[in-house]
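query.txt, holding compact mmCIF, C-alpha atoms and all ligand atoms:
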# COMPACT_ATOMS: atom_id res chain seq x y z
CA MET J 1 0.00 0.00 0.00
CA THR J 2 1.27 3.46 -0.80
CA SER J 3 -0.03 6.34 1.18
CA ARG J 4 0.33 9.99 0.38
CA GLN J 5 1.89 12.64 2.56
CA ILE J 6 -0.50 13.72 5.26
CA ASN J 7 -2.72 16.61 4.23
CA PRO J 8 -5.60 17.16 6.68
CA PRO J 9 -8.69 19.04 5.48
CA PRO J 10 -8.94 22.69 6.54
CA ARG J 11 -11.04 22.84 9.70
CA LEU J 12 -12.02 25.50 12.17
CA LEU J 13 -12.16 23.65 15.50
CA MET J 14 -14.80 25.39 17.65
CA GLY J 15 -15.54 22.51 20.03
CA PRO J 16 -14.40 22.09 23.66
CA GLY J 17 -10.88 21.11 22.54
CA PRO J 18 -8.67 20.31 20.79
CA ILE J 19 -8.65 23.58 18.86
CA ASN J 20 -6.46 24.69 15.94
CA ALA J 21 -2.90 25.09 17.10
CA ASP J 22 -1.29 28.49 16.67
CA PRO J 23 0.84 28.20 13.49
CA ARG J 24 3.83 29.53 15.42
CA VAL J 25 3.53 26.56 17.80
CA LEU J 26 3.45 24.15 14.85
CA ARG J 27 6.52 25.84 13.38
CA ALA J 28 8.38 25.57 16.68
CA MET J 29 7.55 21.86 16.76
CA SER J 30 9.13 21.28 13.37
CA ALA J 31 12.56 22.41 14.61
CA GLN J 32 15.35 19.82 14.52
CA LEU J 33 16.13 17.64 17.55
CA VAL J 34 19.15 17.98 19.82
CA GLY J 35 20.56 15.40 22.21
CA GLN J 36 18.95 14.88 25.57
CA TYR J 37 21.87 16.35 27.54
CA ASP J 38 22.99 18.87 24.95
CA PRO J 39 23.43 22.19 26.78
CA ALA J 40 20.94 23.65 24.27
CA MET J 41 18.34 21.08 25.37
CA THR J 42 18.89 21.47 29.12
CA GLY J 43 18.77 25.22 28.48
CA TYR J 44 15.35 24.83 26.83
CA MET J 45 14.17 22.72 29.76
CA ASN J 46 15.18 25.46 32.21
CA GLU J 47 13.43 28.05 30.05
CA VAL J 48 10.27 25.94 29.99
CA MET J 49 10.31 25.77 33.79
CA GLU J 50 10.63 29.54 34.06
CA LEU J 51 7.98 30.22 31.38
CA TYR J 52 5.42 27.97 33.06
CA ARG J 53 6.05 29.66 36.42
CA GLY J 54 4.69 32.73 34.64
CA VAL J 55 1.75 30.84 33.16
CA PHE J 56 0.74 29.26 36.50
CA LYS J 57 1.61 32.46 38.44
CA THR J 58 3.89 30.70 40.86
CA SER J 59 7.42 30.78 42.19
CA ASN J 60 7.43 26.98 42.64
CA GLU J 61 10.83 25.55 41.73
CA ALA J 62 9.09 22.28 40.74
CA THR J 63 7.41 23.50 37.54
CA PHE J 64 7.97 21.29 34.48
CA LEU J 65 6.30 19.06 31.87
CA VAL J 66 4.93 15.54 32.14
CA ASP J 67 5.16 13.84 28.73
CA GLY J 68 1.72 12.72 27.63
CA THR J 69 -1.73 14.28 27.30
CA SER J 70 -3.36 16.18 30.15
CA ARG J 71 -4.48 12.89 31.66
CA ALA J 72 -0.80 11.94 32.08
CA GLY J 73 -0.35 15.02 34.26
CA ILE J 74 -3.42 14.14 36.32
CA GLU J 75 -2.29 10.57 36.77
CA ALA J 76 1.29 11.55 37.64
CA ALA J 77 0.07 14.02 40.26
CA LEU J 78 -2.43 11.68 41.86
CA ILE J 79 -0.35 8.50 41.84
CA SER J 80 2.64 10.40 43.25
CA LEU J 81 0.69 12.29 45.93
CA ILE J 82 -1.66 9.53 47.12
CA GLU J 83 -0.25 6.96 49.53
CA PRO J 84 -2.24 3.72 49.23
CA GLY J 85 -5.00 3.76 51.85
CA ALA J 86 -5.01 7.55 52.19
CA LYS J 87 -8.28 9.41 52.19
CA VAL J 88 -8.98 11.63 49.15
CA LEU J 89 -11.93 13.99 48.77
CA VAL J 90 -13.25 14.60 45.24
CA PRO J 91 -16.04 17.15 44.80
CA ILE J 92 -17.62 16.18 41.44
CA PHE J 93 -19.48 18.64 39.20
CA GLY J 94 -18.89 17.00 35.80
CA ARG J 95 -17.17 14.28 33.86
CA PHE J 96 -13.62 15.17 34.86
CA GLY J 97 -14.47 14.93 38.56
CA HIS J 98 -15.43 11.32 37.87
CA LEU J 99 -12.04 10.88 36.17
CA LEU J 100 -10.20 12.22 39.24
CA LYS J 101 -12.17 9.81 41.41
CA GLU J 102 -11.37 6.86 39.14
CA ILE J 103 -7.65 7.62 39.08
CA ALA J 104 -7.58 8.16 42.87
CA VAL J 105 -9.27 4.76 43.36
CA ARG J 106 -6.68 3.12 41.10
CA ALA J 107 -3.94 4.81 43.14
CA GLY J 108 -5.30 2.94 46.17
CA ALA J 109 -7.04 5.86 47.87
CA GLU J 110 -10.08 5.63 50.05
CA VAL J 111 -12.18 8.12 48.04
CA ALA J 112 -14.99 10.26 49.42
CA VAL J 113 -17.06 12.26 46.96
CA ARG J 114 -19.58 15.07 47.00
CA GLU J 115 -21.67 15.61 43.87
CA LYS J 116 -23.37 18.62 42.30
CA THR J 117 -26.07 18.53 39.67
CA TRP J 118 -24.44 19.20 36.28
CA GLY J 119 -24.41 22.93 35.55
CA GLN J 120 -23.67 23.97 39.16
CA VAL J 121 -20.48 24.55 41.21
CA PHE J 122 -19.53 24.17 44.91
CA THR J 123 -19.27 26.98 47.43
CA PRO J 124 -16.12 27.15 49.59
CA GLU J 125 -18.36 26.50 52.62
CA GLU J 126 -19.61 23.24 51.11
CA ILE J 127 -16.04 22.14 50.46
CA GLU J 128 -14.90 23.08 53.97
CA GLN J 129 -17.80 21.15 55.48
CA ALA J 130 -16.92 18.06 53.42
CA ILE J 131 -13.28 18.39 54.55
CA VAL J 132 -14.36 18.58 58.20
CA GLU J 133 -16.57 15.51 57.75
CA GLU J 134 -14.09 13.39 55.77
CA ARG J 135 -10.66 14.53 57.07
CA PRO J 136 -8.91 13.74 53.78
CA ALA J 137 -5.14 13.90 53.12
CA LEU J 138 -5.82 15.36 49.67
CA LEU J 139 -8.53 17.42 47.99
CA ALA J 140 -8.74 16.81 44.22
CA LEU J 141 -10.87 19.36 42.40
CA VAL J 142 -11.31 20.33 38.74
CA GLN J 143 -11.28 24.06 37.93
CA GLY J 144 -12.99 24.20 34.52
CA ASP J 145 -14.97 21.12 33.52
CA THR J 146 -15.66 21.20 29.78
CA SER J 147 -18.39 18.56 30.12
CA THR J 148 -20.66 21.09 31.85
CA THR J 149 -18.74 24.33 30.94
CA MET J 150 -18.67 25.29 34.64
CA ASN J 151 -15.73 27.11 36.24
CA GLN J 152 -15.35 26.11 39.89
CA PRO J 153 -14.25 29.14 41.98
CA LEU J 154 -10.95 28.23 43.66
CA ALA J 155 -10.13 31.40 45.61
CA GLY J 156 -10.20 30.64 49.34
CA ILE J 157 -10.12 26.86 48.95
CA GLY J 158 -6.36 26.62 49.31
CA GLU J 159 -6.54 28.49 52.61
CA ILE J 160 -9.22 26.12 53.86
CA CYS J 161 -6.98 23.20 52.90
CA GLN J 162 -3.97 24.67 54.71
CA ARG J 163 -6.06 25.26 57.82
CA HIS J 164 -7.08 21.59 57.85
CA ASP J 165 -3.67 20.27 56.75
CA VAL J 166 -4.99 18.91 53.44
CA LEU J 167 -3.01 18.92 50.18
CA PHE J 168 -4.86 20.68 47.35
CA TYR J 169 -4.65 19.39 43.77
CA THR J 170 -6.48 20.95 40.82
CA ASP J 171 -6.85 20.13 37.10
CA VAL J 172 -6.81 23.39 35.11
CA THR J 173 -6.48 21.80 31.65
CA ALA J 174 -9.62 23.40 30.24
CA SER J 175 -9.47 26.72 32.06
CA LEU J 176 -5.81 27.85 32.22
CA ALA J 177 -5.05 30.99 30.15
CA GLY J 178 -8.75 31.56 29.45
CA ASN J 179 -9.91 32.17 33.02
CA GLU J 180 -8.23 33.66 36.07
CA PHE J 181 -5.83 31.32 37.85
CA SER J 182 -3.02 31.86 40.33
CA ALA J 183 -1.28 28.88 41.92
CA ASP J 184 0.50 30.92 44.60
CA ALA J 185 -2.20 33.47 45.47
CA TRP J 186 -4.70 30.63 45.80
CA ASN J 187 -2.35 28.32 47.76
CA VAL J 188 -2.67 25.37 45.40
CA ASP J 189 -0.21 22.51 46.05
CA ALA J 190 -0.37 20.66 42.74
CA VAL J 191 -1.69 21.85 39.39
CA THR J 192 -1.76 20.10 36.03
CA ALA J 193 -2.76 21.29 32.57
CA GLY J 194 -2.54 20.51 28.85
CA LEU J 195 -1.87 22.51 25.71
CA GLN J 196 -4.93 21.84 23.55
CA LYS J 197 -7.41 24.21 25.17
CA CYS J 198 -6.67 27.89 25.84
CA LEU J 199 -2.90 27.51 25.40
CA GLY J 200 -3.25 27.07 21.64
CA GLY J 201 -1.15 23.93 21.13
CA PRO J 202 -1.71 20.27 20.32
CA SER J 203 -2.37 17.69 23.03
CA GLY J 204 0.62 15.67 24.18
CA SER J 205 2.33 17.66 26.93
CA ALA J 206 1.12 18.25 30.48
CA PRO J 207 2.59 21.27 32.32
CA ILE J 208 2.65 20.77 36.10
CA THR J 209 3.60 22.82 39.15
CA LEU J 210 4.12 21.59 42.73
CA SER J 211 4.38 23.53 45.99
CA GLU J 212 7.07 22.87 48.59
CA ARG J 213 4.52 20.85 50.57
CA ALA J 214 3.69 18.69 47.58
CA VAL J 215 7.37 18.21 46.70
CA GLU J 216 8.09 17.10 50.27
CA ALA J 217 5.22 14.58 50.20
CA ILE J 218 6.46 13.18 46.88
CA ARG J 219 10.14 13.09 47.81
CA SER J 220 9.38 11.07 50.93
CA ARG J 221 8.23 8.32 48.55
CA ARG J 222 11.49 8.36 46.60
CA HIS J 223 13.33 5.04 46.65
CA VAL J 224 16.74 5.26 45.05
CA GLU J 225 19.93 3.26 44.77
CA ALA J 226 22.75 3.92 47.20
CA GLY J 227 25.03 6.64 45.96
CA ILE J 228 22.31 9.10 45.06
CA ALA J 229 20.43 8.80 48.32
CA ASP J 230 20.25 12.05 50.26
CA GLY J 231 18.43 11.00 53.42
CA THR J 232 15.01 12.31 52.46
CA GLU J 233 13.97 9.18 50.64
CA GLY J 234 12.22 5.98 51.52
CA ARG J 235 9.88 7.10 54.31
CA GLY J 236 6.70 6.54 52.29
CA THR J 237 5.39 3.76 50.08
CA ARG J 238 7.18 3.65 46.74
CA ILE J 239 5.17 5.30 43.92
CA ALA J 240 3.43 2.52 41.98
CA SER J 241 4.29 3.85 38.49
CA ASN J 242 7.74 4.31 37.02
CA TYR J 243 6.70 6.57 34.11
CA PHE J 244 4.57 8.80 36.35
CA ASP J 245 6.93 8.80 39.36
CA LEU J 246 7.18 12.55 39.93
CA ALA J 247 10.08 12.07 42.34
CA MET J 248 12.12 10.57 39.49
CA ILE J 249 10.82 13.10 36.96
CA MET J 250 11.88 15.94 39.29
CA ASP J 251 15.36 14.41 39.53
CA TYR J 252 15.46 14.46 35.74
CA TRP J 253 14.34 18.12 35.42
CA GLY J 254 16.36 19.24 38.43
CA PRO J 255 20.10 19.94 38.64
CA GLN J 256 20.83 16.21 39.17
CA ARG J 257 19.57 15.46 35.62
CA LEU J 258 19.13 11.79 36.49
CA ASN J 259 18.11 9.88 33.40
CA HIS J 260 14.46 8.87 33.38
CA HIS J 261 12.51 8.94 30.08
CA THR J 262 13.73 10.57 26.85
CA GLU J 263 12.14 13.99 26.95
CA ALA J 264 9.59 14.39 24.12
CA THR J 265 11.66 17.09 22.46
CA SER J 266 9.19 18.24 19.78
CA MET J 267 6.40 18.50 22.35
CA LEU J 268 8.72 20.50 24.60
CA TYR J 269 9.39 22.92 21.72
CA GLY J 270 5.60 23.25 21.30
CA ALA J 271 4.92 23.71 25.01
CA ARG J 272 7.69 26.31 25.21
CA GLU J 273 6.18 28.27 22.30
CA CYS J 274 2.65 28.13 23.81
CA ALA J 275 3.94 29.65 27.05
CA ARG J 276 6.19 32.15 25.28
CA LEU J 277 3.28 33.45 23.18
CA LEU J 278 0.98 33.58 26.18
CA LEU J 279 3.44 35.59 28.28
CA GLN J 280 4.15 37.86 25.31
CA GLU J 281 0.41 38.61 25.08
CA GLY J 282 0.16 38.77 28.89
CA VAL J 283 -1.78 36.15 30.85
CA ASP J 284 -4.35 38.69 32.05
CA ASP J 285 -4.80 40.04 28.52
CA ALA J 286 -5.31 36.51 27.21
CA VAL J 287 -7.97 35.92 29.87
CA ALA J 288 -9.64 39.21 28.88
CA ARG J 289 -9.55 38.13 25.21
CA HIS J 290 -11.27 34.83 26.10
CA GLU J 291 -13.82 36.75 28.16
CA LEU J 292 -14.64 39.05 25.22
CA HIS J 293 -14.95 36.37 22.54
CA GLY J 294 -16.78 34.01 24.92
CA ARG J 295 -19.26 36.77 25.71
CA ALA J 296 -19.73 37.48 22.00
CA MET J 297 -20.39 33.79 21.30
CA LEU J 298 -22.86 33.63 24.22
CA ALA J 299 -24.71 36.72 22.95
CA GLY J 300 -24.66 35.24 19.45
CA VAL J 301 -26.26 31.91 20.30
CA GLN J 302 -28.81 33.72 22.46
CA GLY J 303 -29.40 36.10 19.54
CA LEU J 304 -30.27 33.06 17.44
CA GLY J 305 -32.97 32.30 20.00
CA LEU J 306 -31.11 29.33 21.54
CA GLN J 307 -31.05 28.50 25.26
CA VAL J 308 -27.80 28.09 27.17
CA PHE J 309 -27.27 25.28 29.69
CA GLY J 310 -26.05 25.75 33.28
CA ASP J 311 -25.36 28.57 35.71
CA ILE J 312 -24.10 31.27 33.31
CA ALA J 313 -22.58 33.28 36.17
CA HIS J 314 -20.10 30.40 36.66
CA LYS J 315 -19.55 29.52 33.00
CA MET J 316 -15.96 29.27 31.75
CA ASN J 317 -15.07 32.12 29.37
CA ASN J 318 -13.98 29.70 26.68
CA VAL J 319 -16.90 27.32 26.15
CA VAL J 320 -20.68 27.47 26.05
CA ALA J 321 -23.22 24.62 26.16
CA VAL J 322 -26.05 25.38 23.76
CA GLU J 323 -29.35 23.54 24.06
CA ILE J 324 -30.30 21.76 20.85
CA PRO J 325 -33.67 23.21 19.78
CA ALA J 326 -36.72 20.92 19.55
CA GLY J 327 -37.05 19.34 16.11
CA ILE J 328 -33.33 19.63 15.28
CA ASP J 329 -31.20 16.48 15.06
CA GLY J 330 -28.08 17.48 17.00
CA ASP J 331 -25.71 15.03 15.30
CA ALA J 332 -27.00 15.85 11.80
CA ALA J 333 -26.48 19.55 12.50
CA ARG J 334 -22.89 18.93 13.69
CA THR J 335 -22.24 16.91 10.53
CA ALA J 336 -23.63 19.74 8.38
CA MET J 337 -21.42 22.28 10.19
CA LEU J 338 -18.39 20.12 9.40
CA GLN J 339 -19.23 19.07 5.85
CA ASP J 340 -20.71 22.30 4.55
CA TYR J 341 -18.62 24.85 6.47
CA GLY J 342 -15.52 23.00 7.73
CA ILE J 343 -16.42 23.97 11.31
CA GLU J 344 -16.33 21.48 14.19
CA ILE J 345 -18.54 22.02 17.23
CA GLY J 346 -18.74 19.61 20.16
CA THR J 347 -21.17 16.94 21.20
CA SER J 348 -21.62 16.15 24.91
CA PHE J 349 -21.45 13.38 27.48
CA GLY J 350 -23.52 11.67 30.15
CA PRO J 351 -26.71 13.44 31.20
CA LEU J 352 -26.20 16.11 28.52
CA HIS J 353 -25.75 13.73 25.59
CA GLY J 354 -28.13 14.62 22.76
CA LYS J 355 -29.26 17.74 24.67
CA VAL J 356 -26.51 20.29 24.09
CA TRP J 357 -23.74 21.22 21.70
CA ARG J 358 -20.58 22.62 23.21
CA ILE J 359 -19.04 25.54 21.35
CA GLY J 360 -15.57 26.72 22.28
CA THR J 361 -13.79 30.04 21.75
CA MET J 362 -10.35 29.18 23.00
CA GLY J 363 -6.66 29.63 22.43
CA TYR J 364 -5.84 30.49 18.82
CA ASN J 365 -9.57 30.39 17.98
CA ALA J 366 -10.63 33.01 20.54
CA ARG J 367 -10.91 35.48 17.66
CA LYS J 368 -13.62 37.68 16.19
CA ASP J 369 -13.53 36.13 12.71
CA ALA J 370 -13.86 32.61 14.15
CA VAL J 371 -16.83 33.65 16.31
CA MET J 372 -18.66 35.45 13.47
CA LEU J 373 -18.07 32.63 10.99
CA THR J 374 -19.34 29.99 13.41
CA LEU J 375 -22.49 31.97 14.21
CA ALA J 376 -23.24 32.62 10.53
CA ALA J 377 -22.79 28.94 9.65
CA LEU J 378 -24.86 27.79 12.63
CA GLU J 379 -27.71 30.05 11.54
CA GLN J 380 -27.76 28.48 8.07
CA VAL J 381 -27.61 24.94 9.47
CA LEU J 382 -30.51 25.67 11.83
CA ARG J 383 -32.59 27.17 9.02
CA ALA J 384 -31.87 24.21 6.75
CA GLY J 385 -33.04 21.96 9.62
CA GLY J 386 -36.34 23.84 9.82
CA ALA J 387 -35.68 25.90 12.97
CA GLU J 388 -37.03 29.43 13.18
CA VAL J 389 -34.17 31.84 13.65
CA ARG J 390 -33.97 35.59 13.29
CA PRO J 391 -31.92 36.28 10.12
CA GLY J 392 -28.55 37.65 11.20
CA GLY J 393 -29.63 37.46 14.86
CA GLY J 394 -26.53 35.58 15.97
CA ALA J 395 -23.78 37.45 14.19
CA GLY J 396 -25.67 40.72 14.85
CA ALA J 397 -25.73 40.18 18.61
CA ALA J 398 -22.04 39.26 18.62
CA ALA J 399 -21.20 42.34 16.53
CA GLU J 400 -22.92 44.52 19.13
CA ILE J 401 -20.65 43.10 21.83
CA TYR J 402 -17.60 43.88 19.72
CA GLN J 403 -18.81 47.40 18.98
CA ALA J 404 -19.43 48.14 22.66
CA GLN J 405 -15.99 46.87 23.67
CA PRO J 406 -12.63 48.18 22.54
CA ASP J 407 -11.14 45.19 20.70
CA ARG J 408 -8.89 43.14 22.91
CA GLY J 409 -6.92 42.12 19.87
CA GLN J 410 -6.25 38.83 18.27
CA PRO J 411 -3.75 36.15 19.18
CA GLY J 412 -0.75 37.00 17.06
CA GLU J 413 -2.27 40.06 15.50
CA HIS J 414 1.04 41.02 13.93
CA ASP J 415 1.82 37.57 12.63
CA GLN J 416 1.51 37.05 8.90
CA SER J 417 0.88 33.34 9.33
CA LEU J 418 -2.49 34.10 10.92
CA GLN J 419 -3.73 35.36 7.58
CA SER J 420 -2.36 32.50 5.54
CA THR J 421 -4.18 29.93 7.67
CA HIS J 422 -7.52 31.69 7.77
CA PRO J 423 -10.08 28.92 7.17
CA LEU J 424 -11.80 30.74 4.31
CA GLN J 425 -8.61 31.60 2.50
CA SER J 426 -7.20 28.11 2.69
CA ARG J 427 -10.48 26.56 1.47
CA GLY J 428 -10.52 25.17 -2.05
CA VAL J 429 -6.75 25.10 -2.43
CA SER J 430 -5.82 21.64 -3.68
CA PRO J 431 -2.10 21.11 -3.50
C1 LIG J 501 -10.04 18.48 28.07
C2 LIG J 501 -9.74 18.14 29.47
C3 LIG J 501 -8.77 17.16 29.78
C4 LIG J 501 -8.11 16.47 28.63
O1 LIG J 501 -7.30 15.39 28.95
P1 LIG J 501 -6.47 14.74 27.77
O2 LIG J 501 -5.74 13.61 28.38
O3 LIG J 501 -5.55 15.77 27.22
O4 LIG J 501 -7.46 14.29 26.74
C5 LIG J 501 -8.48 16.93 31.10
N1 LIG J 501 -9.12 17.60 32.09
C6 LIG J 501 -10.08 18.51 31.83
C7 LIG J 501 -10.76 19.24 32.93
C8 LIG J 501 -10.42 18.80 30.50
O5 LIG J 501 -11.36 19.69 30.21

Turn this file's structure into structure tokens for me.
Ligand SMILES: *Cc1c(COP(=O)(O)O)cnc(C)c1O
Amino acid sequence: MTSRQINPPPRLLMGPGPINADPRVLRAMSAQLVGQYDPAMTGYMNEVMELYRGVFKTSNEATFLVDGTSRAGIEAALISLIEPGAKVLVPIFGRFGHLLKEIAVRAGAEVAVREKTWGQVFTPEEIEQAIVEERPALLALVQGDTSTTMNQPLAGIGEICQRHDVLFYTDVTASLAGNEFSADAWNVDAVTAGLQKCLGGPSGSAPITLSERAVEAIRSRRHVEAGIADGTEGRGTRIASNYFDLAMIMDYWGPQRLNHHTEATSMLYGARECARLLLQEGVDDAVARHELHGRAMLAGVQGLGLQVFGDIAHKMNNVVAVEIPAGIDGDAARTAMLQDYGIEIGTSFGPLHGKVWRIGTMGYNARKDAVMLTLAALEQVLRAGGAEVRPGGGAGAAAEIYQAQPDRGQPGEHDQSLQSTHPLQSRGVSP
């Protein structure tokens, strides 16, 4: 069999992730490899650590990448922090809370959960009460859960955890760079993320940051050969995974540079570029950009006469769950969006399956042209399906938001490559 060089169709990815990668990230990833201990490579690793301190807003020394998708970061954090038999509290408000619970169970934890109806979030008081009742060693909580679009407020929760001597882990994969987050100001002990949401990269690298408390807990589970022992190791149960042993991964990223895995060099180039671009834009400006384009998309779908699922006051900036109107086949409409307009929007899981579409405005696609194009296409798909929509009601409502707000700019406004990869301009070109 002969296959041709890969040539994916032009798509505008407006679902809950992955989204189109910033072309500058793709270019960075095509750079040539260097050896694992080449001073250039260890230099890049140190730069990545410093860049992600900026992204997470932390001074944590232990800030690095876990190789793998976001789930690799989650699994590394939980399996390294949870001693078998330890109590873990997981407040669940969507699909990813169930994932944290499942991974904690596999790590041997005794897991206690609290659950919210989908579309709602927890108050700090509810979390404190659950901590008092369960006395866990670790609290594992998602910030933004794309399954419901909710953004769990985290301010104050770290303080509650410190007061009760509980370690605090959070998964910010979906929310980081699109919604406010500050690891240090919010006293979070362990944070993991991914690139394919608001950071504008492909999936495959999981940035992580760990507080001193978390590092201490993990290092006590370090079991090493004589010669590199330093007296801190071996007090806890050895971490059950080699690949996800954060004690070993820290020894690899740290000054010891102890060999562990072969760092995924191309992914590291991509992760470095994602963070570099974000800090160049400014984290707060990127959050403001997501807020603007998310608000325009929200106004647009409402302008089409569609209902929005969940507690809008706690919605993430970067994704909206749109109720599928009566009489419209949700899957057929998604197929029409893709086939007729090259635009992907998201389906949904669990209790929301068949009830809502999820539409994202994140990372490289948190842009005015992407929002307007998606709303215009959605209007035509709804009309073709027999729904009654106000002509131009979606794009018109979004345009009003943009007119009322000084433009927060585009990701890479001054970058030529943005133009050359515009979905409309690249359409119909057959190389
Ligand atoms: C999208 C998402 C992930 C993705 O995990 P992958 O392993 O990269 O697929 C993880 N956590 C949350 C909260 C997400 O929204």

Could you list, as a PyMOL selection string, all protein and nucleic acid residues with an atom at most 10 Å from ligand LIG 501 (chain J), counting only C-alpha atoms and all ligand atoms? chain J and resi 16-18+68-75+94-97+99-100+141-149+151+170-176+192-197+202-206

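The residue that comes closest to J:Lys57, out of J:Glu180, J:Met29, J:Ala112, J:Gly350 and on the basis of all atoms listed in the file, is J:Glu180.
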
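Going from atom CA of J:Ile312 over to atom CA of J:Val113, you cover 24.4 Å.
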
Separating atom CA of J:Leu373 from atom CA of J:Ile6, to the nearest tenth of an Å, is a gap of 26.4 Å

Residues near J:Tyr52, cut-off 12 Å, all atoms listed in the file, skip fewer than 5 positions along chain, as JSON, numbers by chain: {"J": [45, 46, 47, 57, 58, 59, 60, 61, 62, 63, 64, 65, 176, 177, 182, 183, 191, 192, 193, 194, 195, 199, 206, 207, 208, 209, 210, 268, 271, 272, 273, 274, 275, 276, 277, 278, 279, 283]}

Export of the given selection (C-alpha atoms) as an mmCIF file, in the coordinates of the input:
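out-v8.cif, freshly written:
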data_model
loop_
_atom_site.group_PDB
_atom_site.id
_atom_site.type_symbol
_atom_site.label_atom_id
_atom_site.label_comp_id
_atom_site.auth_asym_id
_atom_site.auth_seq_id
_atom_site.Cartn_x
_atom_site.Cartn_y
_atom_site.Cartn_z
ATOM 1 C CA MET J 45 14.170 22.720 29.760
ATOM 2 C CA ASN J 46 15.180 25.460 32.210
ATOM 3 C CA GLU J 47 13.430 28.050 30.050
ATOM 4 C CA LYS J 57 1.610 32.460 38.440
ATOM 5 C CA THR J 58 3.890 30.700 40.860
ATOM 6 C CA SER J 59 7.420 30.780 42.190
ATOM 7 C CA ASN J 60 7.430 26.980 42.640
ATOM 8 C CA GLU J 61 10.830 25.550 41.730
ATOM 9 C CA ALA J 62 9.090 22.280 40.740
ATOM 10 C CA THR J 63 7.410 23.500 37.540
ATOM 11 C CA PHE J 64 7.970 21.290 34.480
ATOM 12 C CA LEU J 65 6.300 19.060 31.870
ATOM 13 C CA LEU J 176 -5.810 27.850 32.220
ATOM 14 C CA ALA J 177 -5.050 30.990 30.150
ATOM 15 C CA SER J 182 -3.020 31.860 40.330
ATOM 16 C CA ALA J 183 -1.280 28.880 41.920
ATOM 17 C CA VAL J 191 -1.690 21.850 39.390
ATOM 18 C CA THR J 192 -1.760 20.100 36.030
ATOM 19 C CA ALA J 193 -2.760 21.290 32.570
ATOM 20 C CA GLY J 194 -2.540 20.510 28.850
ATOM 21 C CA LEU J 195 -1.870 22.510 25.710
ATOM 22 C CA LEU J 199 -2.900 27.510 25.400
ATOM 23 C CA ALA J 206 1.120 18.250 30.480
ATOM 24 C CA PRO J 207 2.590 21.270 32.320
ATOM 25 C CA ILE J 208 2.650 20.770 36.100
ATOM 26 C CA THR J 209 3.600 22.820 39.150
ATOM 27 C CA LEU J 210 4.120 21.590 42.730
ATOM 28 C CA LEU J 268 8.720 20.500 24.600
ATOM 29 C CA ALA J 271 4.920 23.710 25.010
ATOM 30 C CA ARG J 272 7.690 26.310 25.210
ATOM 31 C CA GLU J 273 6.180 28.270 22.300
ATOM 32 C CA CYS J 274 2.650 28.130 23.810
ATOM 33 C CA ALA J 275 3.940 29.650 27.050
ATOM 34 C CA ARG J 276 6.190 32.150 25.280
ATOM 35 C CA LEU J 277 3.280 33.450 23.180
ATOM 36 C CA LEU J 278 0.980 33.580 26.180
ATOM 37 C CA LEU J 279 3.440 35.590 28.280
ATOM 38 C CA VAL J 283 -1.780 36.150 30.850
#

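The two atoms in question, atom CA of J:Glu281 and atom CA of J:Gly156, are spaced 27.7 Å apart.
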
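The smallest atom-to-atom distance between J:Gln256 and any of J:Thr42, J:Asn365, J:Asn317, J:Thr237, using only C-alpha atoms, is found for J:Thr42.
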
Between J:Cys198, J:Ala247, J:Ala387, J:Ala104, which residue has the minimum interatomic distance to J:Ala217, considering all atoms listed in the file? J:Ala247

List the neighbours of J:Ala397 out to 12 Å using all atoms listed in the file; skip same-chain residues closer than 6 positions along the sequence, and give me the result as a list of chain:residue names. J:Arg295, J:Ala296, J:Met297, J:Leu298, J:Ala299, J:Gly300, J:Val301, J:Gln302, J:Gly303, J:Leu304, J:Gly305, J:Val371, J:Met372, J:Leu375, J:Ala376, J:Arg390, J:Pro391, J:Gln403, J:Ala404

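Closest approach to J:Leu138 among J:Met248, J:Val188, J:Ile92, J:Ala155 is made by J:Val188 (distances from all atoms listed in the file).
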